[in-house]
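Trainee: For reference, the file start_9.json (JSON, C-alpha atoms) is included below:
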[["chain", "number", "residue", "atom", "x", "y", "z"],
["A", 1, "MET", "CA", 54.73, -39.60, 12.97],
["A", 2, "LYS", "CA", 52.67, -40.32, 16.08],
["A", 3, "MET", "CA", 52.94, -37.57, 18.70],
["A", 4, "LYS", "CA", 54.10, -38.55, 22.16],
["A", 5, "ILE", "CA", 51.63, -38.26, 25.03],
["A", 6, "THR", "CA", 52.96, -35.96, 27.74],
["A", 7, "VAL", "CA", 49.89, -35.76, 29.96],
["A", 8, "THR", "CA", 47.21, -38.24, 30.98],
["A", 9, "VAL", "CA", 44.21, -36.52, 32.54],
["A", 10, "ALA", "CA", 42.48, -39.15, 34.67],
["A", 11, "ILE", "CA", 38.83, -38.72, 35.63],
["A", 12, "CYS", "CA", 37.43, -41.46, 37.87],
["A", 13, "THR", "CA", 33.65, -41.42, 38.14],
["A", 14, "HIS", "CA", 30.70, -43.18, 39.72],
["A", 15, "ASN", "CA", 27.16, -42.13, 38.71],
["A", 16, "ARG", "CA", 27.92, -38.50, 37.88],
["A", 17, "ALA", "CA", 27.32, -38.48, 34.14],
["A", 18, "LYS", "CA", 26.55, -34.76, 33.72],
["A", 19, "ASP", "CA", 29.42, -33.63, 35.95],
["A", 20, "THR", "CA", 31.81, -36.03, 34.22],
["A", 21, "GLY", "CA", 30.92, -34.57, 30.84],
["A", 22, "GLU", "CA", 31.64, -31.07, 32.11],
["A", 23, "ALA", "CA", 34.96, -32.19, 33.67],
["A", 24, "ILE", "CA", 36.01, -33.72, 30.33],
["A", 25, "GLU", "CA", 35.07, -30.53, 28.47],
["A", 26, "SER", "CA", 37.28, -28.50, 30.84],
["A", 27, "ALA", "CA", 40.18, -30.90, 30.25],
["A", 28, "LEU", "CA", 39.73, -30.52, 26.49],
["A", 29, "ASN", "CA", 39.87, -26.75, 26.70],
["A", 30, "GLN", "CA", 43.55, -26.43, 27.65],
["A", 31, "SER", "CA", 46.30, -24.08, 26.46],
["A", 32, "PHE", "CA", 48.73, -27.04, 26.43],
["A", 33, "PRO", "CA", 49.28, -28.73, 23.02],
["A", 34, "LYS", "CA", 46.14, -30.81, 22.59],
["A", 35, "GLU", "CA", 47.91, -33.58, 20.70],
["A", 36, "GLU", "CA", 50.06, -34.23, 23.81],
["A", 37, "ILE", "CA", 47.06, -34.80, 26.12],
["A", 38, "GLU", "CA", 44.95, -37.92, 26.52],
["A", 39, "ILE", "CA", 41.87, -38.08, 28.76],
["A", 40, "VAL", "CA", 41.23, -41.41, 30.48],
["A", 41, "VAL", "CA", 37.78, -41.82, 32.02],
["A", 42, "ILE", "CA", 37.52, -44.68, 34.51],
["A", 43, "ASP", "CA", 33.84, -45.53, 34.88],
["A", 44, "ASN", "CA", 33.69, -47.19, 38.28],
["A", 45, "ARG", "CA", 30.58, -49.32, 37.84],
["A", 46, "SER", "CA", 28.20, -46.44, 37.06],
["A", 47, "THR", "CA", 24.55, -47.31, 36.52],
["A", 48, "ASP", "CA", 23.54, -43.96, 35.01],
["A", 49, "ASN", "CA", 24.24, -42.74, 31.44],
["A", 50, "THR", "CA", 27.96, -42.07, 31.97],
["A", 51, "VAL", "CA", 28.99, -44.29, 29.04],
["A", 52, "GLU", "CA", 26.59, -42.44, 26.72],
["A", 53, "VAL", "CA", 27.90, -39.02, 27.80],
["A", 54, "VAL", "CA", 31.53, -40.06, 27.33],
["A", 55, "ASN", "CA", 30.90, -41.74, 23.99],
["A", 56, "ASN", "CA", 29.12, -38.64, 22.66],
["A", 57, "LEU", "CA", 32.23, -36.63, 23.51],
["A", 58, "ARG", "CA", 34.44, -39.27, 21.90],
["A", 59, "LEU", "CA", 32.44, -38.97, 18.67],
["A", 60, "ARG", "CA", 33.21, -35.24, 18.62],
["A", 61, "HIS", "CA", 36.81, -35.29, 19.87],
["A", 62, "GLY", "CA", 38.17, -38.66, 18.83],
["A", 63, "SER", "CA", 40.59, -41.11, 20.40],
["A", 64, "LYS", "CA", 42.15, -38.57, 22.74],
["A", 65, "ILE", "CA", 39.29, -39.56, 25.09],
["A", 66, "ARG", "CA", 39.50, -43.14, 26.33],
["A", 67, "TYR", "CA", 36.62, -44.82, 28.18],
["A", 68, "ILE", "CA", 37.42, -47.72, 30.54],
["A", 69, "PHE", "CA", 34.86, -49.59, 32.63],
["A", 70, "GLU", "CA", 36.16, -50.76, 36.02],
["A", 71, "ASP", "CA", 33.79, -53.23, 37.64],
["A", 72, "THR", "CA", 35.42, -53.37, 41.10],
["A", 73, "LEU", "CA", 33.91, -50.57, 43.13],
["A", 74, "GLY", "CA", 36.28, -48.20, 44.94],
["A", 75, "LEU", "CA", 37.95, -44.87, 44.25],
["A", 76, "SER", "CA", 41.45, -46.22, 44.92],
["A", 77, "VAL", "CA", 40.75, -49.18, 42.62],
["A", 78, "ALA", "CA", 39.68, -46.74, 39.88],
["A", 79, "ARG", "CA", 42.70, -44.50, 40.39],
["A", 80, "ASN", "CA", 45.06, -47.46, 40.24],
["A", 81, "ARG", "CA", 43.39, -48.59, 37.01],
["A", 82, "ALA", "CA", 44.01, -45.10, 35.61],
["A", 83, "ILE", "CA", 47.70, -45.35, 36.58],
["A", 84, "ARG", "CA", 48.00, -48.70, 34.78],
["A", 85, "GLU", "CA", 46.26, -47.36, 31.67],
["A", 86, "ALA", "CA", 48.11, -44.02, 31.49],
["A", 87, "ARG", "CA", 50.47, -43.40, 28.57],
["A", 88, "GLY", "CA", 51.63, -39.93, 29.58],
["A", 89, "LYS", "CA", 54.78, -38.84, 31.36],
["A", 90, "TYR", "CA", 52.56, -37.23, 33.99],
["A", 91, "ILE", "CA", 49.15, -38.30, 35.29],
["A", 92, "LEU", "CA", 46.83, -35.49, 36.41],
["A", 93, "PHE", "CA", 43.82, -36.51, 38.49],
["A", 94, "LEU", "CA", 40.71, -34.36, 38.13],
["A", 95, "ASP", "CA", 37.61, -35.11, 40.19],
["A", 96, "ASP", "CA", 34.48, -35.87, 38.21],
["A", 97, "ASP", "CA", 32.78, -32.87, 39.89],
["A", 98, "ALA", "CA", 35.65, -30.45, 39.23],
["A", 99, "LEU", "CA", 36.38, -28.04, 36.38],
["A", 100, "ALA", "CA", 39.95, -27.38, 35.29],
["A", 101, "SER", "CA", 41.12, -23.87, 34.43],
["A", 102, "ASN", "CA", 42.51, -23.33, 30.92],
["A", 103, "GLU", "CA", 46.12, -23.12, 32.16],
["A", 104, "TRP", "CA", 45.78, -26.14, 34.45],
["A", 105, "VAL", "CA", 47.81, -28.69, 32.47],
["A", 106, "CYS", "CA", 50.43, -26.18, 31.31],
["A", 107, "ASN", "CA", 51.23, -24.91, 34.80],
["A", 108, "ILE", "CA", 51.28, -28.37, 36.41],
["A", 109, "VAL", "CA", 53.73, -29.59, 33.75],
["A", 110, "ASP", "CA", 55.91, -26.49, 34.19],
["A", 111, "VAL", "CA", 56.40, -27.35, 37.87],
["A", 112, "PHE", "CA", 57.31, -30.97, 37.11],
["A", 113, "GLU", "CA", 59.80, -29.95, 34.44],
["A", 114, "SER", "CA", 61.53, -27.47, 36.75],
["A", 115, "ASP", "CA", 63.03, -30.33, 38.82],
["A", 116, "SER", "CA", 63.22, -34.04, 38.05],
["A", 117, "ALA", "CA", 63.03, -34.79, 41.80],
["A", 118, "ILE", "CA", 59.45, -33.51, 41.97],
["A", 119, "GLY", "CA", 57.16, -36.54, 42.12],
["A", 120, "CYS", "CA", 53.83, -34.93, 42.99],
["A", 121, "VAL", "CA", 52.23, -31.56, 42.23],
["A", 122, "GLY", "CA", 48.96, -30.22, 43.58],
["A", 123, "GLY", "CA", 47.01, -27.11, 42.73],
["A", 124, "LYS", "CA", 44.54, -24.66, 44.15],
["A", 125, "ILE", "CA", 40.95, -25.86, 44.62],
["A", 126, "GLU", "CA", 38.19, -23.25, 44.69],
["A", 127, "PRO", "CA", 34.65, -24.13, 45.78],
["A", 128, "ILE", "CA", 31.49, -23.76, 43.73],
["A", 129, "TRP", "CA", 28.75, -23.91, 46.36],
["A", 130, "GLU", "CA", 25.41, -25.20, 45.05],
["A", 131, "ASN", "CA", 23.93, -23.51, 48.10],
["A", 132, "LYS", "CA", 25.77, -20.72, 49.90],
["A", 133, "GLU", "CA", 28.61, -21.73, 52.19],
["A", 134, "PRO", "CA", 27.23, -22.64, 55.64],
["A", 135, "ASP", "CA", 28.25, -20.11, 58.30],
["A", 136, "TRP", "CA", 28.34, -22.75, 61.05],
["A", 137, "ILE", "CA", 31.38, -24.63, 59.73],
["A", 138, "PRO", "CA", 34.47, -23.94, 61.90],
["A", 139, "GLN", "CA", 37.22, -22.45, 59.72],
["A", 140, "GLU", "CA", 39.69, -25.23, 60.51],
["A", 141, "TYR", "CA", 37.33, -27.84, 59.00],
["A", 142, "ARG", "CA", 36.74, -26.22, 55.59],
["A", 143, "SER", "CA", 39.30, -28.63, 54.11],
["A", 144, "VAL", "CA", 36.83, -31.53, 54.41],
["A", 145, "PHE", "CA", 34.97, -29.87, 51.52],
["A", 146, "THR", "CA", 38.12, -30.25, 49.38],
["A", 147, "ILE", "CA", 39.02, -26.56, 49.41],
["A", 148, "LEU", "CA", 42.73, -25.72, 49.13],
["A", 149, "ASP", "CA", 44.49, -22.35, 48.93],
["A", 150, "TYR", "CA", 47.91, -23.21, 50.29],
["A", 151, "SER", "CA", 50.14, -20.46, 48.90],
["A", 152, "SER", "CA", 50.20, -17.53, 46.49],
["A", 153, "GLU", "CA", 53.39, -18.85, 44.87],
["A", 154, "VAL", "CA", 54.86, -22.12, 43.64],
["A", 155, "MET", "CA", 56.52, -23.87, 46.56],
["A", 156, "GLU", "CA", 57.42, -27.20, 48.10],
["A", 157, "MET", "CA", 54.85, -28.57, 50.56],
["A", 158, "PRO", "CA", 56.54, -29.74, 53.76],
["A", 159, "THR", "CA", 55.15, -32.62, 55.82],
["A", 160, "PRO", "CA", 52.30, -32.96, 56.80],
["A", 161, "ALA", "CA", 50.82, -30.65, 54.12],
["A", 162, "ILE", "CA", 49.49, -32.47, 51.06],
["A", 163, "PRO", "CA", 47.60, -31.66, 47.84],
["A", 164, "TYR", "CA", 44.00, -32.89, 47.60],
["A", 165, "GLY", "CA", 42.72, -35.52, 45.18],
["A", 166, "ALA", "CA", 40.47, -33.17, 43.22],
["A", 167, "ASN", "CA", 43.62, -31.59, 41.77],
["A", 168, "VAL", "CA", 46.72, -33.75, 42.21],
["A", 169, "ALA", "CA", 49.28, -34.98, 39.70],
["A", 170, "PHE", "CA", 52.12, -37.50, 39.73],
["A", 171, "ARG", "CA", 55.18, -38.18, 37.64],
["A", 172, "LEU", "CA", 54.09, -41.55, 36.27],
["A", 173, "SER", "CA", 57.54, -43.10, 36.70],
["A", 174, "VAL", "CA", 57.28, -42.85, 40.51],
["A", 175, "PHE", "CA", 55.00, -45.89, 40.36],
["A", 176, "ASP", "CA", 57.92, -47.93, 39.03],
["A", 177, "HIS", "CA", 59.39, -47.54, 42.52],
["A", 178, "ILE", "CA", 56.44, -47.30, 44.92],
["A", 179, "LYS", "CA", 53.09, -49.01, 45.19],
["A", 180, "PRO", "CA", 50.08, -46.94, 44.07],
["A", 181, "PHE", "CA", 46.99, -46.13, 46.18],
["A", 182, "ARG", "CA", 46.11, -48.50, 49.01],
["A", 183, "GLU", "CA", 42.83, -50.11, 48.02],
["A", 184, "ASP", "CA", 41.70, -50.61, 51.62],
["A", 185, "LEU", "CA", 41.49, -46.81, 51.78],
["A", 186, "GLY", "CA", 39.42, -44.44, 49.64],
["A", 187, "ARG", "CA", 35.70, -44.22, 49.00],
["A", 188, "VAL", "CA", 33.69, -47.27, 48.07],
["A", 189, "GLY", "CA", 30.10, -46.59, 47.02],
["A", 190, "THR", "CA", 28.45, -44.32, 49.59],
["A", 191, "ASN", "CA", 30.97, -44.65, 52.42],
["A", 192, "LEU", "CA", 33.32, -41.72, 53.01],
["A", 193, "LEU", "CA", 36.52, -43.64, 53.72],
["A", 194, "SER", "CA", 39.50, -41.48, 52.76],
["A", 195, "SER", "CA", 43.22, -40.87, 53.52],
["A", 196, "GLU", "CA", 44.45, -42.82, 50.47],
["A", 197, "GLU", "CA", 46.15, -39.66, 49.16],
["A", 198, "SER", "CA", 47.97, -38.79, 52.39],
["A", 199, "GLU", "CA", 49.18, -42.38, 52.80],
["A", 200, "LEU", "CA", 50.53, -42.53, 49.24],
["A", 201, "ILE", "CA", 52.17, -39.10, 49.43],
["A", 202, "ALA", "CA", 53.86, -39.99, 52.74],
["A", 203, "ARG", "CA", 55.53, -42.95, 50.99],
["A", 204, "LEU", "CA", 56.34, -40.88, 47.90],
["A", 205, "ARG", "CA", 58.14, -38.28, 50.04],
["A", 206, "GLU", "CA", 60.83, -40.83, 50.90],
["A", 207, "GLY", "CA", 62.27, -40.35, 47.41],
["A", 208, "TYR", "CA", 60.57, -37.35, 45.82],
["A", 209, "LYS", "CA", 59.50, -33.76, 46.46],
["A", 210, "VAL", "CA", 55.88, -32.60, 46.70],
["A", 211, "TYR", "CA", 55.01, -29.18, 45.25],
["A", 212, "TYR", "CA", 52.05, -26.83, 45.13],
["A", 213, "THR", "CA", 51.13, -24.29, 42.47],
["A", 214, "PRO", "CA", 48.36, -21.68, 42.76],
["A", 215, "PHE", "CA", 48.52, -21.14, 38.99],
["A", 216, "ALA", "CA", 46.79, -24.43, 38.09],
["A", 217, "PRO", "CA", 43.44, -24.04, 39.85],
["A", 218, "VAL", "CA", 40.33, -26.13, 39.52],
["A", 219, "LYS", "CA", 36.82, -25.30, 40.65],
["A", 220, "HIS", "CA", 35.16, -28.01, 42.76],
["A", 221, "LYS", "CA", 31.38, -28.32, 42.92],
["A", 222, "ILE", "CA", 29.96, -28.77, 46.41],
["A", 223, "ALA", "CA", 26.46, -30.22, 46.22],
["A", 224, "LYS", "CA", 23.82, -28.89, 48.58],
["A", 225, "GLU", "CA", 23.50, -32.25, 50.36],
["A", 226, "ARG", "CA", 27.15, -31.87, 51.44],
["A", 227, "THR", "CA", 26.39, -28.64, 53.28],
["A", 228, "THR", "CA", 24.13, -30.25, 55.87],
["A", 229, "LYS", "CA", 25.25, -30.92, 59.43],
["A", 230, "LYS", "CA", 24.39, -34.60, 58.90],
["A", 231, "TRP", "CA", 26.82, -34.96, 55.97],
["A", 232, "PHE", "CA", 29.54, -32.95, 57.73],
["A", 233, "LEU", "CA", 29.43, -35.07, 60.89],
["A", 234, "LYS", "CA", 29.28, -38.27, 58.81],
["A", 235, "ARG", "CA", 32.37, -37.07, 56.96],
["A", 236, "MET", "CA", 34.21, -36.49, 60.26],
["A", 237, "PHE", "CA", 33.19, -39.96, 61.49],
["A", 238, "TRP", "CA", 34.66, -41.51, 58.34],
["A", 239, "GLN", "CA", 37.83, -39.43, 58.76],
["A", 240, "GLY", "CA", 38.28, -41.17, 62.10],
["A", 241, "VAL", "CA", 37.72, -44.56, 60.45],
["A", 242, "SER", "CA", 40.18, -43.65, 57.68],
["A", 243, "ASP", "CA", 42.96, -42.55, 60.02],
["A", 244, "ALA", "CA", 42.63, -45.73, 62.08],
["A", 245, "VAL", "CA", 42.73, -47.94, 58.98],
["A", 246, "LYS", "CA", 45.71, -46.00, 57.60],
["A", 247, "ARG", "CA", 47.68, -46.51, 60.81],
["A", 248, "LYS", "CA", 46.65, -50.20, 61.09],
["A", 249, "ASP", "CA", 46.69, -49.70, 64.86],
["A", 250, "LYS", "CA", 45.01, -52.60, 66.65],
["A", 251, "SER", "CA", 46.38, -51.96, 70.14],
["A", 252, "SER", "CA", 44.28, -51.87, 73.30],
["A", 253, "ILE", "CA", 46.06, -48.62, 74.22],
["A", 254, "ALA", "CA", 44.69, -46.95, 71.07],
["A", 255, "ILE", "CA", 41.16, -48.19, 71.89],
["A", 256, "LEU", "CA", 41.46, -46.81, 75.45],
["A", 257, "LYS", "CA", 42.86, -43.47, 74.22],
["A", 258, "HIS", "CA", 40.04, -42.88, 71.73],
["A", 259, "THR", "CA", 37.39, -43.96, 74.26],
["A", 260, "ILE", "CA", 38.68, -41.56, 76.92],
["A", 261, "ARG", "CA", 38.90, -38.65, 74.46],
["A", 262, "MET", "CA", 35.43, -39.37, 73.13],
["A", 263, "PHE", "CA", 33.96, -39.19, 76.63],
["A", 264, "GLN", "CA", 35.94, -35.99, 77.30],
["A", 265, "ALA", "CA", 34.38, -34.48, 74.17],
["A", 266, "ILE", "CA", 30.90, -35.62, 75.26],
["A", 267, "LEU", "CA", 31.37, -33.85, 78.61],
["A", 268, "SER", "CA", 32.70, -30.71, 76.92],
["A", 269, "SER", "CA", 29.77, -30.67, 74.48],
["A", 270, "ILE", "CA", 27.33, -30.66, 77.40],
["A", 271, "LEU", "CA", 29.18, -27.74, 78.98],
["A", 272, "THR", "CA", 29.26, -25.73, 75.73],
["A", 273, "ILE", "CA", 25.78, -26.48, 74.39],
["A", 274, "PHE", "CA", 24.82, -22.78, 74.40],
["A", 275, "HIS", "CA", 27.99, -21.71, 72.49],
["A", 276, "PHE", "CA", 27.23, -23.15, 69.09],
["A", 277, "LYS", "CA", 30.62, -23.13, 67.31],
["A", 278, "THR", "CA", 32.40, -24.48, 70.38],
["A", 279, "PHE", "CA", 29.66, -27.09, 70.71],
["A", 280, "ILE", "CA", 30.07, -28.12, 67.04],
["A", 281, "ARG", "CA", 33.83, -28.55, 67.57],
["A", 282, "GLN", "CA", 33.16, -30.96, 70.42],
["A", 283, "VAL", "CA", 30.57, -32.90, 68.40],
["A", 284, "VAL", "CA", 33.14, -33.21, 65.60],
["A", 285, "LYS", "CA", 35.60, -34.71, 68.10],
["A", 286, "ILE", "CA", 32.94, -37.18, 69.28],
["A", 287, "CYS", "CA", 32.25, -38.30, 65.70],
["A", 288, "TYR", "CA", 35.96, -38.54, 64.88],
["A", 289, "ARG", "CA", 36.81, -40.61, 67.97],
["A", 290, "ASN", "CA", 33.80, -42.84, 67.39],
["A", 291, "GLY", "CA", 34.98, -43.39, 63.82],
["A", 292, "SER", "CA", 38.50, -44.15, 65.05],
["A", 293, "LEU", "CA", 37.14, -46.88, 67.33],
["A", 294, "VAL", "CA", 35.08, -48.36, 64.49],
["A", 295, "GLY", "CA", 38.15, -48.28, 62.24],
["A", 296, "ILE", "CA", 40.26, -50.13, 64.80],
["A", 297, "LEU", "CA", 37.65, -52.73, 65.70],
["A", 298, "ARG", "CA", 35.89, -53.43, 62.43],
["A", 299, "TYR", "CA", 38.40, -52.69, 59.70],
["A", 300, "ASN", "CA", 41.41, -54.03, 61.55],
["A", 301, "GLY", "CA", 39.78, -57.35, 62.33],
["A", 302, "ARG", "CA", 38.83, -56.91, 65.98],
["A", 303, "GLY", "CA", 35.05, -56.90, 65.53]]
Show the structure stored in the file as structure tokens.
Mentor:
Amino acid sequence: MKMKITVTVAICTHNRAKDTGEAIESALNQSFPKEEIEIVVIDNRSTDNTVEVVNNLRLRHGSKIRYIFEDTLGLSVARNRAIREARGKYILFLDDDALASNEWVCNIVDVFESDSAIGCVGGKIEPIWENKEPDWIPQEYRSVFTILDYSSEVMEMPTPAIPYGANVAFRLSVFDHIKPFREDLGRVGTNLLSSEESELIARLREGYKVYYTPFAPVKHKIAKERTTKKWFLKRMFWQGVSDAVKRKDKSSIAILKHTIRMFQAILSSILTIFHFKTFIRQVVKICYRNGSLVGILRYNGRG
């Protein structure tokens, strides 16, 4: 008799063959019954040897690993393809540069099965720094590196707290009632557009609970190029773009508000130039407001 699939582990990838192989290996090494897990790899138009890496693992581990090529570039597109392809009761998203702990699947499923009203579960995300963690990053902005340590116990996450995409899971049946990820949000190629998770989870909360567990951690690799000031400020710019696109705010009032606050931040940065961390905070605000204006004007059809 064919065993039922309880869990679909979804790994969406773009040109990270080596990391993807390691992510798959971590998903294979679970304490949960292996016959109840499938691993779906969505290759989002990779041009490296991703297909070769995945197929080598399929030769060793069989049909529990499924390889699907998605030609339309975009992280949300790839995630939505994974949702359509999933055969499990729960779909667990694992970033292609993340490594799941051995108890990851088991402890995510335990939370779901404690309450049928739970629609989303997220877990702890611990960083693996390729270089050491930069000491110039203000503490309140560490989350842009996809680091999450929300609680030492299993608990519901109240608004506006959300799990992060490197380690987030959904009860698959929720997508019978709500639309999946918005495809005008989320990364496409090299841009850093985001907020697709927060937008989806906000809609999901209208009918379901969102939970966090510290007992299903993953380790997330942070490449050295992501620890530069250039990358960090680019990421904050794109956060501004993302928030504007998410809100779909095209009003002149919003344009005026972001312009005024950007110029306020420019003035403050001049006044704090000799106090580095305060200066960085102001530069972050400049980048964010600039991104917000770009998001309103370009992505919402005004320019």
Trainee: Once you count all atoms listed in the file, what closest atom pair and distance in Å to one decimal does each residue of stretch 168-277 of chain A within 12 Å of stretch 288-291 of chain A have, with rows by chain and rising residue number, as JSON lines?
Mentor:
{"residue": "A:Leu192", "atom": "CA", "partner": "A:Gly291", "partner_atom": "CA", "distance": 11.1}
{"residue": "A:Leu193", "atom": "CA", "partner": "A:Gly291", "partner_atom": "CA", "distance": 10.2}
{"residue": "A:Phe232", "atom": "CA", "partner": "A:Tyr288", "partner_atom": "CA", "distance": 11.1}
{"residue": "A:Leu233", "atom": "CA", "partner": "A:Tyr288", "partner_atom": "CA", "distance": 8.4}
{"residue": "A:Lys234", "atom": "CA", "partner": "A:Tyr288", "partner_atom": "CA", "distance": 9.0}
{"residue": "A:Arg235", "atom": "CA", "partner": "A:Tyr288", "partner_atom": "CA", "distance": 8.8}
{"residue": "A:Met236", "atom": "CA", "partner": "A:Tyr288", "partner_atom": "CA", "distance": 5.3}
{"residue": "A:Phe237", "atom": "CA", "partner": "A:Gly291", "partner_atom": "CA", "distance": 4.5}
{"residue": "A:Trp238", "atom": "CA", "partner": "A:Gly291", "partner_atom": "CA", "distance": 5.8}
{"residue": "A:Gln239", "atom": "CA", "partner": "A:Tyr288", "partner_atom": "CA", "distance": 6.5}
{"residue": "A:Gly240", "atom": "CA", "partner": "A:Gly291", "partner_atom": "CA", "distance": 4.3}
{"residue": "A:Val241", "atom": "CA", "partner": "A:Gly291", "partner_atom": "CA", "distance": 4.5}
{"residue": "A:Ser242", "atom": "CA", "partner": "A:Gly291", "partner_atom": "CA", "distance": 8.1}
{"residue": "A:Asp243", "atom": "CA", "partner": "A:Gly291", "partner_atom": "CA", "distance": 8.9}
{"residue": "A:Ala244", "atom": "CA", "partner": "A:Gly291", "partner_atom": "CA", "distance": 8.2}
{"residue": "A:Val245", "atom": "CA", "partner": "A:Gly291", "partner_atom": "CA", "distance": 10.2}
{"residue": "A:Ala254", "atom": "CA", "partner": "A:Arg289", "partner_atom": "CA", "distance": 10.6}
{"residue": "A:Ile255", "atom": "CA", "partner": "A:Arg289", "partner_atom": "CA", "distance": 9.6}
{"residue": "A:Leu256", "atom": "CA", "partner": "A:Arg289", "partner_atom": "CA", "distance": 10.8}
{"residue": "A:Lys257", "atom": "CA", "partner": "A:Arg289", "partner_atom": "CA", "distance": 9.2}
{"residue": "A:His258", "atom": "CA", "partner": "A:Arg289", "partner_atom": "CA", "distance": 5.5}
{"residue": "A:Thr259", "atom": "CA", "partner": "A:Arg289", "partner_atom": "CA", "distance": 7.2}
{"residue": "A:Ile260", "atom": "CA", "partner": "A:Arg289", "partner_atom": "CA", "distance": 9.2}
{"residue": "A:Arg261", "atom": "CA", "partner": "A:Arg289", "partner_atom": "CA", "distance": 7.1}
{"residue": "A:Met262", "atom": "CA", "partner": "A:Arg289", "partner_atom": "CA", "distance": 5.5}
{"residue": "A:Phe263", "atom": "CA", "partner": "A:Arg289", "partner_atom": "CA", "distance": 9.2}
{"residue": "A:Gln264", "atom": "CA", "partner": "A:Arg289", "partner_atom": "CA", "distance": 10.4}
{"residue": "A:Ala265", "atom": "CA", "partner": "A:Arg289", "partner_atom": "CA", "distance": 9.1}
{"residue": "A:Ile266", "atom": "CA", "partner": "A:Arg289", "partner_atom": "CA", "distance": 10.6}
Trainee: Could you check which residues have any atom within 12 Å of (45.6, -28.8, 23.6), counting only C-alpha atoms with coordinates taken straight from the file, and then list them as a count of residues only?
Mentor: 26
Trainee: So the first atom is atom CA of A:Asn107 and the second is atom CA of A:Pro214; what is the distance between them in Å, to one decimal place?
Mentor: 9.1 Å
Trainee: Of the residues A:Ile42, A:Val53, A:Ala100, A:Leu75, which is the one nearest to A:Ser195, using only C-alpha atoms?
Mentor: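 The closest residue to A:Ser195 is A:Leu75.
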Trainee: Please tabulate, as a tab-separated table, the residues of stretch 44-146 of chain A that come within 12 Å of stretch 11-18 of chain A, each with its closest pair of atoms and the distance in Å to one decimal, counting all atoms listed in the file and ordering rows by chain, then residue number upward.
Mentor:
residue	atom	partner	partner_atom	distance
A:Asn44	CA	A:His14	CA	5.2
A:Arg45	CA	A:His14	CA	6.4
A:Ser46	CA	A:Asn15	CA	4.7
A:Thr47	CA	A:Asn15	CA	6.2
A:Asp48	CA	A:Asn15	CA	5.5
A:Asn49	CA	A:Ala17	CA	5.9
A:Thr50	CA	A:Ala17	CA	4.2
A:Val51	CA	A:Ala17	CA	7.9
A:Glu52	CA	A:Ala17	CA	8.4
A:Val53	CA	A:Ala17	CA	6.4
A:Val54	CA	A:Ala17	CA	8.2
A:Asn55	CA	A:Ala17	CA	11.2
A:Asn56	CA	A:Ala17	CA	11.6
A:Leu57	CA	A:Lys18	CA	11.8
A:Ile65	CA	A:Ile11	CA	10.6
A:Arg66	CA	A:Ile11	CA	10.3
A:Tyr67	CA	A:Ile11	CA	9.9
A:Ile68	CA	A:Cys12	CA	9.6
A:Phe69	CA	A:Thr13	CA	9.9
A:Glu70	CA	A:Cys12	CA	9.6
A:Asp71	CA	A:His14	CA	10.7
A:Thr72	CA	A:His14	CA	11.3
A:Leu73	CA	A:His14	CA	8.7
A:Gly74	CA	A:His14	CA	9.1
A:Leu75	CA	A:Cys12	CA	7.3
A:Ser76	CA	A:Cys12	CA	9.4
A:Val77	CA	A:Cys12	CA	9.7
A:Ala78	CA	A:Cys12	CA	6.1
A:Arg79	CA	A:Cys12	CA	6.6
A:Asn80	CA	A:Cys12	CA	10.0
A:Arg81	CA	A:Cys12	CA	9.3
A:Ala82	CA	A:Cys12	CA	7.9
A:Ile83	CA	A:Cys12	CA	11.1
A:Ala86	CA	A:Ile11	CA	11.5
A:Ile91	CA	A:Ile11	CA	10.3
A:Leu92	CA	A:Ile11	CA	8.7
A:Phe93	CA	A:Ile11	CA	6.2
A:Leu94	CA	A:Ile11	CA	5.4
A:Asp95	CA	A:Ile11	CA	5.9
A:Asp96	CA	A:Thr13	CA	5.6
A:Asp97	CA	A:Arg16	CA	7.7
A:Ala98	CA	A:Ile11	CA	9.6
A:Leu99	CA	A:Ile11	CA	11.0
A:Ala100	CA	A:Ile11	CA	11.4
Trainee: Within 8 Å of A:Ile108, counting only C-alpha atoms, which residues qualify if same-chain residues fewer than 2 places away don't, as a CSV table (one decimal) with C-alpha atoms, in the frame of the given file?
Mentor:
chain,number,residue,atom,x,y,z
A,104,TRP,CA,45.8,-26.1,34.4
A,105,VAL,CA,47.8,-28.7,32.5
A,106,CYS,CA,50.4,-26.2,31.3
A,110,ASP,CA,55.9,-26.5,34.2
A,111,VAL,CA,56.4,-27.4,37.9
A,112,PHE,CA,57.3,-31.0,37.1
A,121,VAL,CA,52.2,-31.6,42.2
A,122,GLY,CA,49.0,-30.2,43.6
A,123,GLY,CA,47.0,-27.1,42.7
A,169,ALA,CA,49.3,-35.0,39.7
A,213,THR,CA,51.1,-24.3,42.5
A,216,ALA,CA,46.8,-24.4,38.1
Trainee: For A:Ser269, which of A:Arg142, A:Arg281, A:Lys209, A:Lys221 is the closest residue, counting all atoms listed in the file?
Mentor: A:Arg281
Trainee: Provide the atom CA of A:Ser151 to atom CA of A:Tyr212 distance in Å, to one decimal place.
Mentor: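 Answer for the atom CA of A:Ser151 to atom CA of A:Tyr212 separation: 7.6 Å.
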Trainee: In Å to one decimal, how far is atom CA of A:Ala223 from atom CA of A:Trp129?
Mentor: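 Going from atom CA of A:Trp129 over to atom CA of A:Ala223, I get 6.7 Å.
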